[in-house]
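Q: Handing you this structure, nothing more for now.
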Amino acid sequence: MLDTKDTRARTLAARHYIRADVLENERELFLRSWQLAGHVGQLKEPGDFITLSLFDQNIFLVRDRSNVVQAFYNVCPHRGHQLVEGSGHKAVLTCPYHAWTFGLDGNLRGMPKRGGAGAPERSDVCLSAVRVEELAGFLFVNLDPEAQPLAEFAPGLAAQMLERVPELVDLVVEGDTAYGHTYTCRSNWKVMLDNYLECHHCGPAHHSFDDMMNIAQNRFELYQNYTYQCAPTAMKADNAAFRLDLEHDVLEGQFWFLFPNTIFGQFPGARGFYASRFDPVTPDLTERRSLSLTTAAPTDPDMAERNRLRTEWSTTVVSVEDRNLCENVQKGMHQRGYQQGWYITDPDAHDISEHAMRHFHDIYLAAMGEES
Ligand code: FES
Ligand SMILES: [Fe+2]
């Protein structure tokens with residue numbers, strides 16, 4: 001764990017949240033960083049595939065016949081058409097344009113009109129590979145062939161997740177689409193992460209969450225390129241958010257952030273786990289894509305109903321509260337009367353301390369080549 005004694009008091013300047021040239025530099029940073037692509041549970045059999053887009057770069061992941069998950073740019077080497085769409089299963093990959101076919105290992109298998117002038121040797125053509133790695137069951141891609149492996153970038157993260165959520169290995173993907181839902185917010189992606197990385201706002205802005213939790217006992221831990229947050233509930237079955245089953249439910253929230261734009265966690269309530277990627281669309285607009293895991297079988301007969309109540313609360317209460325806060329702050333970033341804020345940090349009061357957010361900003365500034 002890193003210590004939290006840094007003393008920088010001023011936050012990222014407003015320009016980091018609103019300027020197109022900053023987003024252009026962030027784009028390069030994102031395309032050189034580990035980006036959440038999905039979960040191994042989505043690629044159970046050889047031929048199962050999922051797709052994703054990072055800015056304008058289209059990628060797909062497929063389990064090959066040797067049972068290895070491969071990632072490729074989703075583009076045909078013949079003339080550039082996209083190869084696959086959405087998610088599903090394919091024995092071979094056939095390009096919709098001129099029907100060149102590729103094996104699951106990316107090698108060219110056939111062309112309908114072989115032997116035309118200029119046709120390349122089959123062995124000279126294969127799909128362009130992308131780095132892919134697994135972290136505690138989650139799949140990440142990186143468009144930088146030289147990128148540091150995830151285990152070196154965020155040492156100890158996978159082991160920590162598996163140790164603190166031992167059931168993670170047994171959870172299954174909820175629903176069969178790559179990302180269960182997309183949440184759009186009219187704010188910069190960093191405003192959303194700043195909001196995620198502190199609970200200073202939980203008391204004033206999330207009354208029902210505050211009633212369910214024991215915010216005073218909230219703890220953040222800082223690590224190389226990630227953070228961990230432990231958020232115990234107040235152990236109240238009946239509370240203003242949604243009901244908890246004190247026997248079967250998760251009673252201590254656990255939340256991780258992996259730089260630059262991934263979060264993972266286990267929310268209090270019915271057992272499960274989620275992961276999200278924050279995709280900047282413009283400096284003022286972000287799409288959060290989420291994937292949920294659940295238990296293979298219900299923990300008790302009432303679990304589905306509690307899950308439904310939590311989802312309803314999450315989408316109609318806490319997400320609305322956070323979206324309103326973030327969208328309001330984004331307008332603030334554009335005000336000529338605002339240039340830069342202050343961090344409130346206290347090593348003993350993690351219920352109000354913003355040191356995890358500052359840690360994010362320190363990593364960010366270093367990655368962007370700026371002084372902190
Ligand atoms: S572009 Fe794919 S076969 Fe022609
Ligand atoms: Fe919040």
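Please note that chains go A, B, ... in the order of the structure tokens, that every chain numbers its residues from 1, and that ligands are numbered from 1 in the order shown.
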Which of range 160-349 of chain A counts as alpha helix (DSSP H) under DSSP, as an mmCIF file with N, CA and C atoms, in the first residue's frame please?

A:
```cif
data_model
loop_
_atom_site.group_PDB
_atom_site.id
_atom_site.type_symbol
_atom_site.label_atom_id
_atom_site.label_comp_id
_atom_site.auth_asym_id
_atom_site.auth_seq_id
_atom_site.Cartn_x
_atom_site.Cartn_y
_atom_site.Cartn_z
ATOM 1 N N GLN A 160 -5.648 -9.382 -4.829
ATOM 2 C CA GLN A 160 -6.455 -8.694 -3.822
ATOM 3 C C GLN A 160 -7.949 -8.886 -4.075
ATOM 4 N N MET A 161 -8.354 -8.778 -5.340
ATOM 5 C CA MET A 161 -9.771 -8.964 -5.663
ATOM 6 C C MET A 161 -10.221 -10.380 -5.310
ATOM 7 N N LEU A 162 -9.388 -11.365 -5.649
ATOM 8 C CA LEU A 162 -9.765 -12.759 -5.403
ATOM 9 C C LEU A 162 -9.725 -13.085 -3.906
ATOM 10 N N GLU A 163 -8.838 -12.415 -3.187
ATOM 11 C CA GLU A 163 -8.765 -12.660 -1.747
ATOM 12 C C GLU A 163 -9.952 -12.007 -1.028
ATOM 13 N N ARG A 164 -10.281 -10.799 -1.450
ATOM 14 C CA ARG A 164 -11.338 -10.074 -0.730
ATOM 15 C C ARG A 164 -12.737 -10.453 -1.204
ATOM 16 N N TRP A 189 -15.278 12.428 -18.258
ATOM 17 C CA TRP A 189 -15.089 11.112 -17.613
ATOM 18 C C TRP A 189 -14.386 11.245 -16.260
ATOM 19 N N LYS A 190 -13.528 12.251 -16.115
ATOM 20 C CA LYS A 190 -12.795 12.405 -14.851
ATOM 21 C C LYS A 190 -13.696 12.971 -13.751
ATOM 22 N N VAL A 191 -14.694 13.764 -14.137
ATOM 23 C CA VAL A 191 -15.658 14.233 -13.128
ATOM 24 C C VAL A 191 -16.381 13.026 -12.532
ATOM 25 N N MET A 192 -16.722 12.053 -13.378
ATOM 26 C CA MET A 192 -17.421 10.852 -12.897
ATOM 27 C C MET A 192 -16.511 10.029 -11.983
ATOM 28 N N LEU A 193 -15.242 9.907 -12.349
ATOM 29 C CA LEU A 193 -14.325 9.130 -11.502
ATOM 30 C C LEU A 193 -14.001 9.875 -10.213
ATOM 31 N N ASP A 194 -13.875 11.193 -10.288
ATOM 32 C CA ASP A 194 -13.666 11.979 -9.071
ATOM 33 C C ASP A 194 -14.813 11.695 -8.086
ATOM 34 N N ASN A 195 -16.012 11.655 -8.634
ATOM 35 C CA ASN A 195 -17.205 11.400 -7.823
ATOM 36 C C ASN A 195 -17.177 9.993 -7.213
ATOM 37 N N TYR A 196 -16.685 9.045 -8.004
ATOM 38 C CA TYR A 196 -16.594 7.646 -7.534
ATOM 39 C C TYR A 196 -15.550 7.496 -6.435
ATOM 40 N N CYS A 202 -21.245 11.648 0.074
ATOM 41 C CA CYS A 202 -22.274 10.641 0.353
ATOM 42 C C CYS A 202 -23.310 11.149 1.361
ATOM 43 N N GLY A 203 -22.835 11.797 2.423
ATOM 44 C CA GLY A 203 -23.760 12.311 3.421
ATOM 45 C C GLY A 203 -24.681 13.388 2.863
ATOM 46 N N PRO A 204 -24.105 14.467 2.306
ATOM 47 C CA PRO A 204 -24.969 15.547 1.818
ATOM 48 C C PRO A 204 -25.838 15.172 0.618
ATOM 49 N N ALA A 205 -25.343 14.280 -0.262
ATOM 50 C CA ALA A 205 -26.024 14.112 -1.555
ATOM 51 C C ALA A 205 -26.727 12.769 -1.740
ATOM 52 N N HIS A 207 -28.909 10.579 0.526
ATOM 53 C CA HIS A 207 -29.512 10.350 1.844
ATOM 54 C C HIS A 207 -29.845 8.886 2.095
ATOM 55 N N SER A 208 -30.357 8.190 1.085
ATOM 56 C CA SER A 208 -30.734 6.790 1.317
ATOM 57 C C SER A 208 -29.483 5.915 1.440
ATOM 58 N N PHE A 209 -28.478 6.182 0.625
ATOM 59 C CA PHE A 209 -27.215 5.432 0.712
ATOM 60 C C PHE A 209 -26.578 5.665 2.085
ATOM 61 N N ASP A 210 -26.616 6.906 2.514
ATOM 62 C CA ASP A 210 -26.045 7.275 3.807
ATOM 63 C C ASP A 210 -26.754 6.516 4.939
ATOM 64 N N ASP A 211 -28.057 6.315 4.771
ATOM 65 C CA ASP A 211 -28.807 5.586 5.801
ATOM 66 C C ASP A 211 -28.426 4.099 5.816
ATOM 67 N N MET A 212 -28.136 3.545 4.642
ATOM 68 C CA MET A 212 -27.794 2.115 4.560
ATOM 69 C C MET A 212 -26.360 1.848 5.038
ATOM 70 N N MET A 303 -33.734 -13.671 -3.196
ATOM 71 C CA MET A 303 -32.594 -12.935 -3.756
ATOM 72 C C MET A 303 -32.972 -12.123 -5.002
ATOM 73 N N ALA A 304 -33.760 -12.745 -5.898
ATOM 74 C CA ALA A 304 -34.098 -12.050 -7.151
ATOM 75 C C ALA A 304 -34.873 -10.769 -6.863
ATOM 76 N N GLU A 305 -35.759 -10.821 -5.882
ATOM 77 C CA GLU A 305 -36.556 -9.631 -5.556
ATOM 78 C C GLU A 305 -35.660 -8.542 -4.949
ATOM 79 N N ARG A 306 -34.733 -8.942 -4.099
ATOM 80 C CA ARG A 306 -33.819 -7.931 -3.529
ATOM 81 C C ARG A 306 -32.923 -7.331 -4.615
ATOM 82 N N ASN A 307 -32.533 -8.180 -5.538
ATOM 83 C CA ASN A 307 -31.716 -7.693 -6.659
ATOM 84 C C ASN A 307 -32.507 -6.659 -7.463
ATOM 85 N N ARG A 308 -33.801 -6.970 -7.682
ATOM 86 C CA ARG A 308 -34.655 -6.056 -8.453
ATOM 87 C C ARG A 308 -34.804 -4.718 -7.714
ATOM 88 N N LEU A 309 -34.997 -4.802 -6.412
ATOM 89 C CA LEU A 309 -35.161 -3.562 -5.626
ATOM 90 C C LEU A 309 -33.875 -2.725 -5.655
ATOM 91 N N ARG A 310 -32.735 -3.407 -5.594
ATOM 92 C CA ARG A 310 -31.461 -2.679 -5.642
ATOM 93 C C ARG A 310 -31.278 -2.012 -7.005
ATOM 94 N N THR A 311 -31.603 -2.753 -8.073
ATOM 95 C CA THR A 311 -31.461 -2.178 -9.421
ATOM 96 C C THR A 311 -32.371 -0.955 -9.569
ATOM 97 N N GLU A 312 -33.593 -1.093 -9.049
ATOM 98 C CA GLU A 312 -34.539 0.018 -9.149
ATOM 99 C C GLU A 312 -34.008 1.239 -8.377
ATOM 100 N N TRP A 313 -33.508 0.985 -7.182
ATOM 101 C CA TRP A 313 -32.950 2.095 -6.372
ATOM 102 C C TRP A 313 -31.731 2.699 -7.080
ATOM 103 N N SER A 319 -28.011 6.715 -8.963
ATOM 104 C CA SER A 319 -27.401 7.106 -10.248
ATOM 105 C C SER A 319 -27.883 8.485 -10.688
ATOM 106 N N VAL A 320 -29.145 8.749 -10.393
ATOM 107 C CA VAL A 320 -29.698 10.068 -10.751
ATOM 108 C C VAL A 320 -29.010 11.149 -9.913
ATOM 109 N N GLU A 321 -28.827 10.841 -8.632
ATOM 110 C CA GLU A 321 -28.150 11.813 -7.756
ATOM 111 C C GLU A 321 -26.727 12.078 -8.258
ATOM 112 N N ASP A 322 -25.996 10.990 -8.582
ATOM 113 C CA ASP A 322 -24.614 11.187 -9.042
ATOM 114 C C ASP A 322 -24.567 11.883 -10.404
ATOM 115 N N ARG A 323 -25.502 11.522 -11.288
ATOM 116 C CA ARG A 323 -25.503 12.171 -12.602
ATOM 117 C C ARG A 323 -25.747 13.669 -12.446
ATOM 118 N N ASN A 324 -26.721 14.021 -11.601
ATOM 119 C CA ASN A 324 -27.008 15.444 -11.387
ATOM 120 C C ASN A 324 -25.785 16.178 -10.834
ATOM 121 N N LEU A 325 -25.082 15.520 -9.896
ATOM 122 C CA LEU A 325 -23.881 16.158 -9.332
ATOM 123 C C LEU A 325 -22.826 16.367 -10.413
ATOM 124 N N CYS A 326 -22.585 15.312 -11.194
ATOM 125 C CA CYS A 326 -21.511 15.384 -12.201
ATOM 126 C C CYS A 326 -21.851 16.395 -13.301
ATOM 127 N N GLU A 327 -23.116 16.398 -13.725
ATOM 128 C CA GLU A 327 -23.493 17.324 -14.801
ATOM 129 C C GLU A 327 -23.436 18.764 -14.303
ATOM 130 N N ASN A 328 -23.771 18.942 -13.043
ATOM 131 C CA ASN A 328 -23.701 20.272 -12.449
ATOM 132 C C ASN A 328 -22.239 20.738 -12.361
ATOM 133 N N VAL A 329 -21.356 19.833 -11.912
ATOM 134 C CA VAL A 329 -19.929 20.167 -11.811
ATOM 135 C C VAL A 329 -19.347 20.470 -13.197
ATOM 136 N N GLN A 330 -19.788 19.695 -14.213
ATOM 137 C CA GLN A 330 -19.247 19.930 -15.554
ATOM 138 C C GLN A 330 -19.541 21.363 -16.005
ATOM 139 N N LYS A 331 -20.753 21.849 -15.684
ATOM 140 C CA LYS A 331 -21.068 23.250 -16.014
ATOM 141 C C LYS A 331 -20.127 24.171 -15.243
ATOM 142 N N GLY A 332 -19.831 23.780 -14.002
ATOM 143 C CA GLY A 332 -18.918 24.577 -13.176
ATOM 144 C C GLY A 332 -17.532 24.685 -13.796
ATOM 145 N N MET A 333 -17.085 23.594 -14.452
ATOM 146 C CA MET A 333 -15.743 23.607 -15.058
ATOM 147 C C MET A 333 -15.638 24.667 -16.161
#
```

Q: Name each residue within 6 Å of ligand 1, counting only C-alpha atoms and all ligand atoms, as a PDB file with N, CA and C atoms, in the first residue's frame.

A:
```pdb
ATOM      1  N   CYS A  76     -10.972  -6.205 -41.957  1.00  0.00           N
ATOM      2  CA  CYS A  76     -10.508  -7.217 -42.912  1.00  0.00           C
ATOM      3  C   CYS A  76      -9.277  -6.708 -43.660  1.00  0.00           C
ATOM      4  N   HIS A  78      -8.273  -7.475 -46.515  1.00  0.00           N
ATOM      5  CA  HIS A  78      -8.450  -7.313 -47.956  1.00  0.00           C
ATOM      6  C   HIS A  78      -8.672  -5.855 -48.318  1.00  0.00           C
ATOM      7  N   ARG A  79      -9.803  -5.274 -47.856  1.00  0.00           N
ATOM      8  CA  ARG A  79     -10.091  -3.890 -48.237  1.00  0.00           C
ATOM      9  C   ARG A  79     -10.646  -3.075 -47.085  1.00  0.00           C
ATOM     10  N   GLY A  80     -10.600  -3.663 -45.871  1.00  0.00           N
ATOM     11  CA  GLY A  80     -10.918  -2.821 -44.713  1.00  0.00           C
ATOM     12  C   GLY A  80     -12.321  -2.901 -44.166  1.00  0.00           C
ATOM     13  N   HIS A  81     -13.147  -3.835 -44.638  1.00  0.00           N
ATOM     14  CA  HIS A  81     -14.498  -3.938 -44.068  1.00  0.00           C
ATOM     15  C   HIS A  81     -14.416  -4.507 -42.657  1.00  0.00           C
ATOM     16  N   CYS A  95     -15.685 -12.500 -43.916  1.00  0.00           N
ATOM     17  CA  CYS A  95     -15.911 -11.072 -44.121  1.00  0.00           C
ATOM     18  C   CYS A  95     -17.157 -10.879 -44.984  1.00  0.00           C
ATOM     19  N   TYR A  97     -17.934  -8.585 -46.960  1.00  0.00           N
ATOM     20  CA  TYR A  97     -17.762  -7.837 -48.220  1.00  0.00           C
ATOM     21  C   TYR A  97     -17.438  -8.779 -49.389  1.00  0.00           C
ATOM     22  N   HIS A  98     -16.302  -9.486 -49.345  1.00  0.00           N
ATOM     23  CA  HIS A  98     -15.946 -10.378 -50.456  1.00  0.00           C
ATOM     24  C   HIS A  98     -15.701 -11.810 -50.007  1.00  0.00           C
ATOM     25  N   ALA A  99     -16.128 -12.082 -48.761  1.00  0.00           N
ATOM     26  CA  ALA A  99     -16.143 -13.458 -48.238  1.00  0.00           C
ATOM     27  C   ALA A  99     -14.769 -14.099 -48.077  1.00  0.00           C
ATOM     28  N   TRP A 100     -13.745 -13.320 -47.817  1.00  0.00           N
ATOM     29  CA  TRP A 100     -12.511 -13.956 -47.349  1.00  0.00           C
ATOM     30  C   TRP A 100     -12.824 -14.567 -45.979  1.00  0.00           C
TER      31      TRP A 100
END
```

Q: Rounded to one decimal in Å, what is the spacing between CA of Asp56 in chain A and CA of His361 in chain A?

A: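 The value is 25.5 Å.
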
Q: Within 12 Å of Glu121 in chain A, counting only C-alpha atoms, which residues qualify if same-chain residues fewer than 3 places away don't, as a VMD selection string?

A: chain A and resid 107 to 111 114 to 118 124 to 126

Q: Give the answer as one residue: which of A:Phe140, A:Leu150, A:Leu157, A:Asp351 has the shortest atom-to-atom distance to Met213 in chain A, using only C-alpha atoms?

A: A:Asp351

Q: Show which residues sit within 6 Å of range 257-274 of chain A, as a VMD selection string. Count only C-alpha atoms, and ignore same-chain residues fewer than 2 positions away.

A: chain A and resid 225 to 227 244 249 to 255 276 to 278 291 to 294 307

Q: Excluding Leu23 in chain A and any residue of its chain fewer than 5 positions from it, enumerate the residues within 12 Å of it, using only C-alpha atoms, and give them as a compact mmCIF listing (two decimals) with C-alpha atoms, in the first residue's frame.

A:
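Saved as out-v8.txt:
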```txt
# COMPACT_ATOMS: atom_id res chain seq x y z
CA ARG A 15 -9.09 23.06 -18.46
CA HIS A 16 -8.42 19.33 -17.98
CA TYR A 17 -12.16 18.75 -17.91
CA ILE A 18 -13.31 20.83 -20.85
CA GLU A 28 -3.53 8.47 -26.99
CA LEU A 29 -3.21 7.59 -23.31
CA PHE A 30 -6.32 5.37 -23.43
CA PHE A 55 -12.84 5.78 -29.70
CA ASN A 188 -16.17 14.70 -18.39
CA TRP A 189 -15.09 11.11 -17.61
CA LYS A 190 -12.80 12.40 -14.85
CA ASP A 279 -15.58 5.99 -22.40
CA PRO A 280 -15.15 9.69 -23.15
CA VAL A 281 -17.26 10.77 -26.13
CA THR A 282 -16.50 14.49 -25.92
CA PRO A 283 -14.92 16.52 -23.09
CA ASP A 284 -18.50 17.07 -21.84
CA LEU A 285 -20.00 13.62 -22.46
CA THR A 286 -19.14 10.15 -21.14
CA MET A 368 -0.03 12.89 -19.39
```

Q: Which one is closest to ligand 2: A:Ala159, A:Val165, A:Val317, A:Leu143? Count only C-alpha atoms and all ligand atoms.

A: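 Counting only C-alpha atoms and all ligand atoms, the residue closest to ligand 2 is A:Val317.
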
Q: Could you tell me which of A:Thr101, A:Gln335, A:Asn239, A:Thr233 comes closest to Asn218 in chain A if we count only C-alpha atoms?

A: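 Of A:Thr101, A:Gln335, A:Asn239, A:Thr233, the one nearest Asn218 in chain A is A:Thr233, counting only C-alpha atoms.
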
Q: Go through A:Glu24, A:Glu370, A:Glu198, A:Glu287 one by one, measure the shortest atom-to-atom distance of each to ligand 2 using only C-alpha atoms and all ligand atoms, and give the residue with the smallest value.

A: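 Among A:Glu24, A:Glu370, A:Glu198, A:Glu287, it is A:Glu198 that comes nearest to ligand 2.
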
Q: Using only C-alpha atoms, pick whichever of A:Leu61, A:Met1, A:Ala14, A:Ala367 has the shortest atom-to-atom distance to Arg336 in chain A.

A: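 Result for the nearest residue to Arg336 in chain A: A:Ala14.
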
Q: When you count only C-alpha atoms and all ligand atoms, which of these residues is closest to ligand 2: A:Leu54, A:Leu365, A:Val318, A:Leu139?

A: A:Val318

Q: For the interface of range 122-195 of chain A with range 295-298 of chain A (cut-off 12 Å, counting only C-alpha atoms), please tabulate each contacting residue of range 122-195 of chain A alongside its nearest pair of atoms and their separation in Å to one decimal, rows sorted by chain and increasing number, as a Markdown table.

A:
```
| residue | atom | partner | partner_atom | distance |
| --- | --- | --- | --- | --- |
| A:Glu167 | CA | A:Thr295 | CA | 8.5 |
| A:Leu168 | CA | A:Thr295 | CA | 9.0 |
| A:Val169 | CA | A:Thr295 | CA | 10.0 |
| A:Asp170 | CA | A:Thr295 | CA | 7.0 |
| A:Leu171 | CA | A:Thr295 | CA | 4.8 |
| A:Val172 | CA | A:Ala296 | CA | 5.8 |
| A:Val173 | CA | A:Thr295 | CA | 8.7 |
| A:Glu174 | CA | A:Thr295 | CA | 8.8 |
```

Q: Those selected residues, please, written with C-alpha atoms and delivered as a PDB file, in the first residue's frame.

A:
```
ATOM      1  CA  GLU A 167     -16.663 -16.082  -4.642  1.00  0.00           C
ATOM      2  CA  LEU A 168     -15.619 -13.994  -7.666  1.00  0.00           C
ATOM      3  CA  VAL A 169     -14.345 -17.115  -9.447  1.00  0.00           C
ATOM      4  CA  ASP A 170     -17.789 -18.749  -9.216  1.00  0.00           C
ATOM      5  CA  LEU A 171     -19.889 -15.797 -10.414  1.00  0.00           C
ATOM      6  CA  VAL A 172     -21.455 -15.852 -13.875  1.00  0.00           C
ATOM      7  CA  VAL A 173     -22.191 -13.095 -16.366  1.00  0.00           C
ATOM      8  CA  GLU A 174     -25.695 -11.702 -15.945  1.00  0.00           C
TER       9      GLU A 174
END
```

Q: Which residues are near Val141 in chain A? Cut-off 8 Å, only C-alpha atoms, ignore same chain within fewer than 5 positions. Put them as an MDAnalysis selection string.

A: chainID A and resid 34:37 71 130:133

Q: Please produce an output containing N, CA and C atoms for each residue in the selection, written as an mmCIF file, in the first residue's frame.

A:
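Saved to part16.cif:
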```
data_model
loop_
_atom_site.group_PDB
_atom_site.id
_atom_site.type_symbol
_atom_site.label_atom_id
_atom_site.label_comp_id
_atom_site.auth_asym_id
_atom_site.auth_seq_id
_atom_site.Cartn_x
_atom_site.Cartn_y
_atom_site.Cartn_z
ATOM 1 N N TRP A 34 -4.613 -0.340 -20.532
ATOM 2 C CA TRP A 34 -5.443 -1.548 -20.482
ATOM 3 C C TRP A 34 -6.902 -1.157 -20.375
ATOM 4 N N GLN A 35 -7.685 -1.607 -21.351
ATOM 5 C CA GLN A 35 -9.096 -1.246 -21.433
ATOM 6 C C GLN A 35 -9.960 -2.485 -21.231
ATOM 7 N N LEU A 36 -10.944 -2.345 -20.369
ATOM 8 C CA LEU A 36 -11.838 -3.461 -20.059
ATOM 9 C C LEU A 36 -12.625 -3.868 -21.310
ATOM 10 N N ALA A 37 -12.525 -5.162 -21.651
ATOM 11 C CA ALA A 37 -13.208 -5.639 -22.860
ATOM 12 C C ALA A 37 -14.356 -6.580 -22.547
ATOM 13 N N ALA A 71 -7.362 -11.469 -29.366
ATOM 14 C CA ALA A 71 -8.002 -10.191 -29.713
ATOM 15 C C ALA A 71 -7.399 -9.685 -31.018
ATOM 16 N N VAL A 130 -4.176 -7.837 -31.272
ATOM 17 C CA VAL A 130 -4.178 -6.843 -30.203
ATOM 18 C C VAL A 130 -3.817 -7.581 -28.914
ATOM 19 N N ARG A 131 -3.072 -6.931 -28.026
ATOM 20 C CA ARG A 131 -2.730 -7.561 -26.744
ATOM 21 C C ARG A 131 -3.994 -7.795 -25.923
ATOM 22 N N VAL A 132 -4.092 -8.960 -25.317
ATOM 23 C CA VAL A 132 -5.235 -9.248 -24.442
ATOM 24 C C VAL A 132 -4.720 -9.959 -23.200
ATOM 25 N N GLU A 133 -5.239 -9.585 -22.029
ATOM 26 C CA GLU A 133 -4.847 -10.234 -20.779
ATOM 27 C C GLU A 133 -6.078 -10.386 -19.898
#
```

Q: Please measure the separation of CA of Asn214 in chain A and CA of Ile344 in chain A, giving the value in Å to one decimal.

A: 19.8 Å

Q: For CA of Ser314 in chain A and CA of Arg288 in chain A, determine how far apart the two atoms are, in Å to one decimal place.

A: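 Those two atoms sit 14.3 Å apart.
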